[in-house]
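Participant: This is my_file.pdb, which holds PDB, C-alpha atoms, pLDDT in the B column:
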```pdb
ATOM      1  CA  MET A   1      -9.182   6.605  10.444  1.00 35.00           C
ATOM      2  CA  THR A   2      -6.887   6.121  13.411  1.00 33.00           C
ATOM      3  CA  VAL A   3      -3.664   8.076  13.784  1.00 33.00           C
ATOM      4  CA  GLN A   4      -0.935   6.506  15.895  1.00 35.00           C
ATOM      5  CA  ASN A   5       2.720   7.406  16.440  1.00 35.00           C
ATOM      6  CA  GLN A   6       3.141   9.779  13.489  1.00 38.00           C
ATOM      7  CA  ALA A   7       1.627   7.255  11.063  1.00 40.00           C
ATOM      8  CA  HIS A   8      -1.782   6.901   9.480  1.00 39.00           C
ATOM      9  CA  THR A   9      -3.457   3.555  10.071  1.00 38.00           C
ATOM     10  CA  VAL A  10      -5.940   3.008   7.276  1.00 41.00           C
ATOM     11  CA  THR A  11      -8.712   0.768   8.521  1.00 37.00           C
ATOM     12  CA  GLU A  12     -12.042   1.794   7.002  1.00 38.00           C
ATOM     13  CA  PRO A  13     -13.291  -0.386   4.137  1.00 37.00           C
ATOM     14  CA  VAL A  14     -15.373   1.543   1.638  1.00 36.00           C
ATOM     15  CA  THR A  15     -16.787  -1.088  -0.694  1.00 35.00           C
ATOM     16  CA  ASP A  16     -18.291  -3.616   1.719  1.00 36.00           C
ATOM     17  CA  PRO A  17     -18.330  -2.896   5.436  1.00 33.00           C
ATOM     18  CA  THR A  18     -19.542  -6.438   6.165  1.00 30.00           C
ATOM     19  CA  SER A  19     -16.611  -8.168   4.495  1.00 35.00           C
ATOM     20  CA  GLY A  20     -14.598  -8.350   7.721  1.00 35.00           C
ATOM     21  CA  PRO A  21     -11.631  -6.387   9.011  1.00 40.00           C
ATOM     22  CA  ALA A  22      -9.672  -4.244   6.618  1.00 46.00           C
ATOM     23  CA  THR A  23      -6.032  -4.873   5.883  1.00 55.00           C
ATOM     24  CA  GLY A  24      -4.706  -2.634   8.617  1.00 75.00           C
ATOM     25  CA  VAL A  25      -2.006  -1.253   6.332  1.00 82.00           C
ATOM     26  CA  THR A  26      -0.239   1.709   7.936  1.00 82.00           C
ATOM     27  CA  LEU A  27       1.167   4.602   5.929  1.00 84.00           C
ATOM     28  CA  SER A  28       3.785   6.822   7.507  1.00 87.00           C
ATOM     29  CA  ASP A  29       3.379  10.575   7.180  1.00 88.00           C
ATOM     30  CA  GLY A  30       6.226  10.540   4.653  1.00 91.00           C
ATOM     31  CA  ALA A  31       4.563   7.851   2.524  1.00 91.00           C
ATOM     32  CA  ALA A  32       1.170   9.574   2.612  1.00 89.00           C
ATOM     33  CA  SER A  33       2.770  12.884   1.636  1.00 90.00           C
ATOM     34  CA  LYS A  34       4.672  11.293  -1.253  1.00 93.00           C
ATOM     35  CA  VAL A  35       1.519   9.561  -2.545  1.00 92.00           C
ATOM     36  CA  LYS A  36      -0.350  12.893  -2.474  1.00 92.00           C
ATOM     37  CA  THR A  37       2.521  14.618  -4.294  1.00 92.00           C
ATOM     38  CA  LEU A  38       2.652  11.942  -6.984  1.00 93.00           C
ATOM     39  CA  LEU A  39      -1.124  12.059  -7.463  1.00 93.00           C
ATOM     40  CA  ASP A  40      -0.995  15.854  -7.775  1.00 92.00           C
ATOM     41  CA  GLN A  41       1.709  15.493 -10.442  1.00 93.00           C
ATOM     42  CA  GLU A  42      -0.479  13.035 -12.363  1.00 90.00           C
ATOM     43  CA  GLY A  43      -3.319  15.549 -12.274  1.00 91.00           C
ATOM     44  CA  ARG A  44      -5.949  12.829 -12.027  1.00 85.00           C
ATOM     45  CA  THR A  45      -8.430  12.371  -9.208  1.00 85.00           C
ATOM     46  CA  ASP A  46      -9.637   8.928 -10.321  1.00 88.00           C
ATOM     47  CA  LEU A  47      -6.431   7.082  -9.371  1.00 93.00           C
ATOM     48  CA  ALA A  48      -5.906   5.024  -6.223  1.00 93.00           C
ATOM     49  CA  LEU A  49      -2.689   3.578  -4.837  1.00 92.00           C
ATOM     50  CA  ARG A  50      -2.857  -0.176  -5.373  1.00 93.00           C
ATOM     51  CA  ILE A  51      -0.676  -2.465  -3.271  1.00 90.00           C
ATOM     52  CA  ALA A  52      -0.387  -6.053  -4.421  1.00 88.00           C
ATOM     53  CA  VAL A  53       1.630  -9.116  -3.550  1.00 86.00           C
ATOM     54  CA  GLN A  54       2.611 -11.095  -6.653  1.00 83.00           C
ATOM     55  CA  PRO A  55       4.621 -14.269  -7.238  1.00 78.00           C
ATOM     56  CA  GLY A  56       8.202 -13.521  -8.175  1.00 71.00           C
ATOM     57  CA  GLY A  57      11.728 -12.938  -6.993  1.00 66.00           C
ATOM     58  CA  CYS A  58      14.072 -15.487  -5.504  1.00 62.00           C
ATOM     59  CA  SER A  59      12.107 -15.719  -2.235  1.00 60.00           C
ATOM     60  CA  GLY A  60       8.768 -16.317  -3.937  1.00 72.00           C
ATOM     61  CA  LEU A  61       6.750 -13.099  -3.464  1.00 81.00           C
ATOM     62  CA  ARG A  62       7.256  -9.437  -4.276  1.00 82.00           C
ATOM     63  CA  TYR A  63       5.341  -6.209  -3.695  1.00 84.00           C
ATOM     64  CA  GLN A  64       3.858  -4.035  -6.410  1.00 89.00           C
ATOM     65  CA  LEU A  65       2.800  -0.444  -5.729  1.00 90.00           C
ATOM     66  CA  PHE A  66       1.181   1.488  -8.553  1.00 93.00           C
ATOM     67  CA  PHE A  67      -1.589   3.929  -9.350  1.00 94.00           C
ATOM     68  CA  ASP A  68      -4.689   2.275 -10.722  1.00 94.00           C
ATOM     69  CA  ASP A  69      -7.975   3.584 -12.082  1.00 93.00           C
ATOM     70  CA  ARG A  70      -9.699   0.191 -11.841  1.00 91.00           C
ATOM     71  CA  GLN A  71     -11.575  -1.400  -9.005  1.00 88.00           C
ATOM     72  CA  LEU A  72     -11.781  -5.171  -9.135  1.00 89.00           C
ATOM     73  CA  GLU A  73     -14.339  -7.457  -7.543  1.00 89.00           C
ATOM     74  CA  GLY A  74     -13.243  -8.276  -4.005  1.00 88.00           C
ATOM     75  CA  ASP A  75     -10.886  -5.290  -3.650  1.00 88.00           C
ATOM     76  CA  ASP A  76     -10.477  -3.872  -0.181  1.00 87.00           C
ATOM     77  CA  VAL A  77     -10.749  -0.114  -0.748  1.00 86.00           C
ATOM     78  CA  LEU A  78      -9.474   1.938   2.151  1.00 81.00           C
ATOM     79  CA  THR A  79      -9.982   5.660   2.406  1.00 81.00           C
ATOM     80  CA  HIS A  80      -7.192   7.991   3.291  1.00 78.00           C
ATOM     81  CA  GLU A  81      -6.826  11.743   3.430  1.00 77.00           C
ATOM     82  CA  GLY A  82      -7.066  12.756  -0.222  1.00 83.00           C
ATOM     83  CA  PHE A  83      -6.709   9.332  -1.861  1.00 90.00           C
ATOM     84  CA  SER A  84      -7.721   5.687  -1.708  1.00 89.00           C
ATOM     85  CA  LEU A  85      -5.558   2.674  -0.982  1.00 90.00           C
ATOM     86  CA  VAL A  86      -6.633  -0.512  -2.773  1.00 90.00           C
ATOM     87  CA  VAL A  87      -5.605  -4.076  -1.903  1.00 89.00           C
ATOM     88  CA  ASP A  88      -6.833  -7.041  -3.940  1.00 89.00           C
ATOM     89  CA  ARG A  89      -8.432  -9.891  -2.012  1.00 89.00           C
ATOM     90  CA  MET A  90      -5.521 -12.275  -2.670  1.00 88.00           C
ATOM     91  CA  SER A  91      -2.993  -9.824  -1.183  1.00 86.00           C
ATOM     92  CA  VAL A  92      -4.945  -8.924   1.968  1.00 87.00           C
ATOM     93  CA  PRO A  93      -3.653 -11.889   4.044  1.00 84.00           C
ATOM     94  CA  TYR A  94      -0.041 -11.010   3.195  1.00 83.00           C
ATOM     95  CA  LEU A  95      -0.334  -7.323   4.127  1.00 85.00           C
ATOM     96  CA  GLY A  96      -2.132  -7.297   7.499  1.00 84.00           C
ATOM     97  CA  GLY A  97      -0.164  -5.091   9.876  1.00 86.00           C
ATOM     98  CA  ALA A  98       2.300  -3.915   7.216  1.00 86.00           C
ATOM     99  CA  THR A  99       3.764  -0.406   7.439  1.00 87.00           C
ATOM    100  CA  ILE A 100       4.619   1.543   4.302  1.00 88.00           C
ATOM    101  CA  ASP A 101       7.135   4.356   4.518  1.00 91.00           C
ATOM    102  CA  PHE A 102       8.878   6.603   2.029  1.00 92.00           C
ATOM    103  CA  VAL A 103      12.642   7.001   2.413  1.00 91.00           C
ATOM    104  CA  ASP A 104      14.592   9.793   0.761  1.00 90.00           C
ATOM    105  CA  THR A 105      18.253   9.684   1.736  1.00 90.00           C
ATOM    106  CA  ILE A 106      21.533   9.877  -0.134  1.00 91.00           C
ATOM    107  CA  GLU A 107      21.746   6.081   0.041  1.00 88.00           C
ATOM    108  CA  LYS A 108      18.186   5.125  -0.824  1.00 85.00           C
ATOM    109  CA  GLN A 109      14.991   6.612  -2.214  1.00 88.00           C
ATOM    110  CA  GLY A 110      11.612   4.942  -2.506  1.00 89.00           C
ATOM    111  CA  PHE A 111       8.800   3.241  -0.706  1.00 88.00           C
ATOM    112  CA  THR A 112       9.678   0.630   1.898  1.00 84.00           C
ATOM    113  CA  ILE A 113       7.375  -1.983   3.411  1.00 84.00           C
ATOM    114  CA  ASP A 114       7.851  -3.377   6.899  1.00 84.00           C
ATOM    115  CA  ASN A 115       5.698  -6.493   6.940  1.00 79.00           C
ATOM    116  CA  PRO A 116       5.296  -8.659  10.053  1.00 80.00           C
ATOM    117  CA  ASN A 117       3.923 -11.470   7.845  1.00 73.00           C
ATOM    118  CA  ALA A 118       7.185 -11.844   5.903  1.00 72.00           C
ATOM    119  CA  THR A 119       9.199 -14.703   7.399  1.00 68.00           C
ATOM    120  CA  GLY A 120      12.271 -14.100   5.270  1.00 63.00           C
ATOM    121  CA  SER A 121      13.648 -12.244   2.276  1.00 58.00           C
ATOM    122  CA  CYS A 122      16.283 -12.697  -0.374  1.00 54.00           C
ATOM    123  CA  ALA A 123      19.776 -11.262  -0.016  1.00 52.00           C
ATOM    124  CA  CYS A 124      19.030  -8.369  -2.378  1.00 55.00           C
ATOM    125  CA  GLY A 125      15.840  -7.492  -0.473  1.00 54.00           C
ATOM    126  CA  ASP A 126      13.696  -7.545  -3.604  1.00 60.00           C
ATOM    127  CA  SER A 127      11.359 -10.357  -2.570  1.00 51.00           C
ATOM    128  CA  PHE A 128      10.039 -12.118   0.541  1.00 56.00           C
ATOM    129  CA  ASN A 129       8.357 -15.276   1.752  1.00 48.00           C
TER     130      ASN A 129
END
```
Could you spell out this file's structure in structure tokens?
Facilitator:
Amino acid sequence: MTVQNQAHTVTEPVTDPTSGPATGVTLSDGAASKVKTLLDQEGRTDLALRIAVQPGGCSGLRYQLFFDDRQLEGDDVLTHEGFSLVVDRMSVPYLGGATIDFVDTIEKQGFTIDNPNATGSCACGDSFN
């Protein structure tokens, strides 16, 4: 794992080290801490954070973040301190270089994704293209 500028860059594939470069998804300290807290609340050690890009929204694509106990063929499984981050093979090209943060302010609370691959988004910010 590489740590840069107060963020954790997750770059080590676990399932198949010959499959090419990992997604390069970066988790901020705040996001990593929130994931650990949520996993502790679940009380299960078999869950991984899955990040997927799915069709939907007015711009065509939307993110899904959820805990998953499955591992699918072709998943890119990335180790992190205390948990795994899983990206399905169809989502990998959309997430290279993306940074995931957790925001907790009076105006907004939740995970945010800064993705250099997104060329645009809808007015409500719910989807991207």
Participant: So what do you get for atom CA of Asp68 of chain A versus atom CA of Ala48 of chain A, distance-wise?
Facilitator: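 A separation of 5.4 Å between them.
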Participant: Rank nothing, just name the residue among A:Leu38, A:Leu72, A:Ile106, A:Ala52 nearest to Pro93 of chain A, using all atoms listed in the file.
Facilitator: A:Ala52
Participant: I would like the residues chosen by the PyMOL selection byres ((chain A and resi 66) around 6) on the shown file; could you give them as a PyMOL selection string?
Facilitator: chain A and resi 49-50+65+67
Participant: Would you mind exporting the chosen residues as an mmCIF file, in the coordinates of the input, restricted to C-alpha atoms?
Facilitator:
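Contents of result_10.cif, as written:
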```cif
data_model
loop_
_atom_site.group_PDB
_atom_site.id
_atom_site.type_symbol
_atom_site.label_atom_id
_atom_site.label_comp_id
_atom_site.auth_asym_id
_atom_site.auth_seq_id
_atom_site.Cartn_x
_atom_site.Cartn_y
_atom_site.Cartn_z
ATOM 1 C CA LEU A 49 -2.689 3.578 -4.837
ATOM 2 C CA ARG A 50 -2.857 -0.176 -5.373
ATOM 3 C CA LEU A 65 2.800 -0.444 -5.729
ATOM 4 C CA PHE A 67 -1.589 3.929 -9.350
#
```
Participant: Kindly give the distance, in Å, that separates atom CA of Ile51 of chain A and atom CA of Pro116 of chain A, rounded to a single decimal.
Facilitator: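 The value is 15.9 Å.
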Participant: In Å, rounded to a single decimal, give me how far atom CA of Asp75 of chain A is from atom CA of Leu27 of chain A.
Facilitator: 18.3 Å
Participant: Run the PyMOL selection byres ((chain A and resi 73) around 12) on the file and write out the hits as a ChimeraX atom specification.
Facilitator: /A:15-16,70-72,74-77,86-90
Participant: Nearest to Gly97 of chain A among A:Val53, A:Ala118, A:Leu61, A:Val35, with distances taken over all atoms listed in the file: which residue is it?
Facilitator: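 For Gly97 of chain A, the nearest of the given residues is A:Ala118.
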Participant: Between A:Ala98, A:Asp114, A:Asp69, A:Asp104, which one has atoms that come closest to Thr26 of chain A, using all atoms listed in the file?
Facilitator: A:Ala98
Participant: Using only C-alpha atoms, which protein or nucleic acid residues come within 9 Å of Gln54 of chain A? Drop anything in the same chain fewer than 4 positions from it, and give the result as number ranges by chain.
Facilitator: A: 60-64, 91
Participant: Mind filling out segment 56-78 of chain A with N, CA and C atoms and sending it as a PDB file, keeping the file's coordinate frame?
Facilitator:
```
ATOM      1  N   GLY A  56       7.001 -13.985  -7.489  1.00 71.00           N
ATOM      2  CA  GLY A  56       8.202 -13.521  -8.175  1.00 71.00           C
ATOM      3  C   GLY A  56       9.371 -13.349  -7.232  1.00 71.00           C
ATOM      4  N   GLY A  57      10.518 -13.118  -7.778  1.00 66.00           N
ATOM      5  CA  GLY A  57      11.728 -12.938  -6.993  1.00 66.00           C
ATOM      6  C   GLY A  57      12.261 -14.264  -6.496  1.00 66.00           C
ATOM      7  N   CYS A  58      13.450 -14.238  -5.936  1.00 62.00           N
ATOM      8  CA  CYS A  58      14.072 -15.487  -5.504  1.00 62.00           C
ATOM      9  C   CYS A  58      13.485 -16.033  -4.204  1.00 62.00           C
ATOM     10  N   SER A  59      12.739 -15.220  -3.452  1.00 60.00           N
ATOM     11  CA  SER A  59      12.107 -15.719  -2.235  1.00 60.00           C
ATOM     12  C   SER A  59      10.646 -16.095  -2.444  1.00 60.00           C
ATOM     13  N   GLY A  60      10.107 -15.845  -3.619  1.00 72.00           N
ATOM     14  CA  GLY A  60       8.768 -16.317  -3.937  1.00 72.00           C
ATOM     15  C   GLY A  60       7.701 -15.256  -4.115  1.00 72.00           C
ATOM     16  N   LEU A  61       7.770 -14.145  -3.386  1.00 81.00           N
ATOM     17  CA  LEU A  61       6.750 -13.099  -3.464  1.00 81.00           C
ATOM     18  C   LEU A  61       7.411 -11.734  -3.541  1.00 81.00           C
ATOM     19  N   ARG A  62       6.747 -10.815  -4.242  1.00 82.00           N
ATOM     20  CA  ARG A  62       7.256  -9.437  -4.276  1.00 82.00           C
ATOM     21  C   ARG A  62       6.084  -8.465  -4.257  1.00 82.00           C
ATOM     22  N   TYR A  63       6.355  -7.260  -3.788  1.00 84.00           N
ATOM     23  CA  TYR A  63       5.341  -6.209  -3.695  1.00 84.00           C
ATOM     24  C   TYR A  63       5.257  -5.437  -5.006  1.00 84.00           C
ATOM     25  N   GLN A  64       4.056  -4.969  -5.308  1.00 89.00           N
ATOM     26  CA  GLN A  64       3.858  -4.035  -6.410  1.00 89.00           C
ATOM     27  C   GLN A  64       3.043  -2.878  -5.867  1.00 89.00           C
ATOM     28  N   LEU A  65       3.517  -1.662  -6.067  1.00 90.00           N
ATOM     29  CA  LEU A  65       2.800  -0.444  -5.729  1.00 90.00           C
ATOM     30  C   LEU A  65       2.648   0.350  -7.011  1.00 90.00           C
ATOM     31  N   PHE A  66       1.407   0.710  -7.348  1.00 93.00           N
ATOM     32  CA  PHE A  66       1.181   1.488  -8.553  1.00 93.00           C
ATOM     33  C   PHE A  66      -0.160   2.188  -8.456  1.00 93.00           C
ATOM     34  N   PHE A  67      -0.322   3.223  -9.280  1.00 94.00           N
ATOM     35  CA  PHE A  67      -1.589   3.929  -9.350  1.00 94.00           C
ATOM     36  C   PHE A  67      -2.496   3.197 -10.329  1.00 94.00           C
ATOM     37  N   ASP A  68      -3.748   3.056  -9.935  1.00 94.00           N
ATOM     38  CA  ASP A  68      -4.689   2.275 -10.722  1.00 94.00           C
ATOM     39  C   ASP A  68      -6.023   3.007 -10.775  1.00 94.00           C
ATOM     40  N   ASP A  69      -6.660   2.968 -11.950  1.00 93.00           N
ATOM     41  CA  ASP A  69      -7.975   3.584 -12.082  1.00 93.00           C
ATOM     42  C   ASP A  69      -9.084   2.533 -12.080  1.00 93.00           C
ATOM     43  N   ARG A  70      -8.716   1.273 -11.871  1.00 91.00           N
ATOM     44  CA  ARG A  70      -9.699   0.191 -11.841  1.00 91.00           C
ATOM     45  C   ARG A  70     -10.036  -0.192 -10.399  1.00 91.00           C
ATOM     46  N   GLN A  71     -11.215  -0.753 -10.260  1.00 88.00           N
ATOM     47  CA  GLN A  71     -11.575  -1.400  -9.005  1.00 88.00           C
ATOM     48  C   GLN A  71     -12.079  -2.781  -9.364  1.00 88.00           C
ATOM     49  N   LEU A  72     -11.456  -3.800  -8.810  1.00 89.00           N
ATOM     50  CA  LEU A  72     -11.781  -5.171  -9.135  1.00 89.00           C
ATOM     51  C   LEU A  72     -12.704  -5.779  -8.086  1.00 89.00           C
ATOM     52  N   GLU A  73     -13.448  -6.786  -8.487  1.00 89.00           N
ATOM     53  CA  GLU A  73     -14.339  -7.457  -7.543  1.00 89.00           C
ATOM     54  C   GLU A  73     -13.506  -8.035  -6.397  1.00 89.00           C
ATOM     55  N   GLY A  74     -13.943  -7.777  -5.185  1.00 88.00           N
ATOM     56  CA  GLY A  74     -13.243  -8.276  -4.005  1.00 88.00           C
ATOM     57  C   GLY A  74     -12.153  -7.366  -3.475  1.00 88.00           C
ATOM     58  N   ASP A  75     -11.898  -6.231  -4.148  1.00 88.00           N
ATOM     59  CA  ASP A  75     -10.886  -5.290  -3.650  1.00 88.00           C
ATOM     60  C   ASP A  75     -11.282  -4.748  -2.287  1.00 88.00           C
ATOM     61  N   ASP A  76     -10.292  -4.554  -1.449  1.00 87.00           N
ATOM     62  CA  ASP A  76     -10.477  -3.872  -0.181  1.00 87.00           C
ATOM     63  C   ASP A  76     -10.067  -2.421  -0.432  1.00 87.00           C
ATOM     64  N   VAL A  77     -11.023  -1.522  -0.474  1.00 86.00           N
ATOM     65  CA  VAL A  77     -10.749  -0.114  -0.748  1.00 86.00           C
ATOM     66  C   VAL A  77     -10.757   0.626   0.574  1.00 86.00           C
ATOM     67  N   LEU A  78      -9.644   1.253   0.884  1.00 81.00           N
ATOM     68  CA  LEU A  78      -9.474   1.938   2.151  1.00 81.00           C
ATOM     69  C   LEU A  78      -9.302   3.420   1.906  1.00 81.00           C
TER      70      LEU A  78
END
```
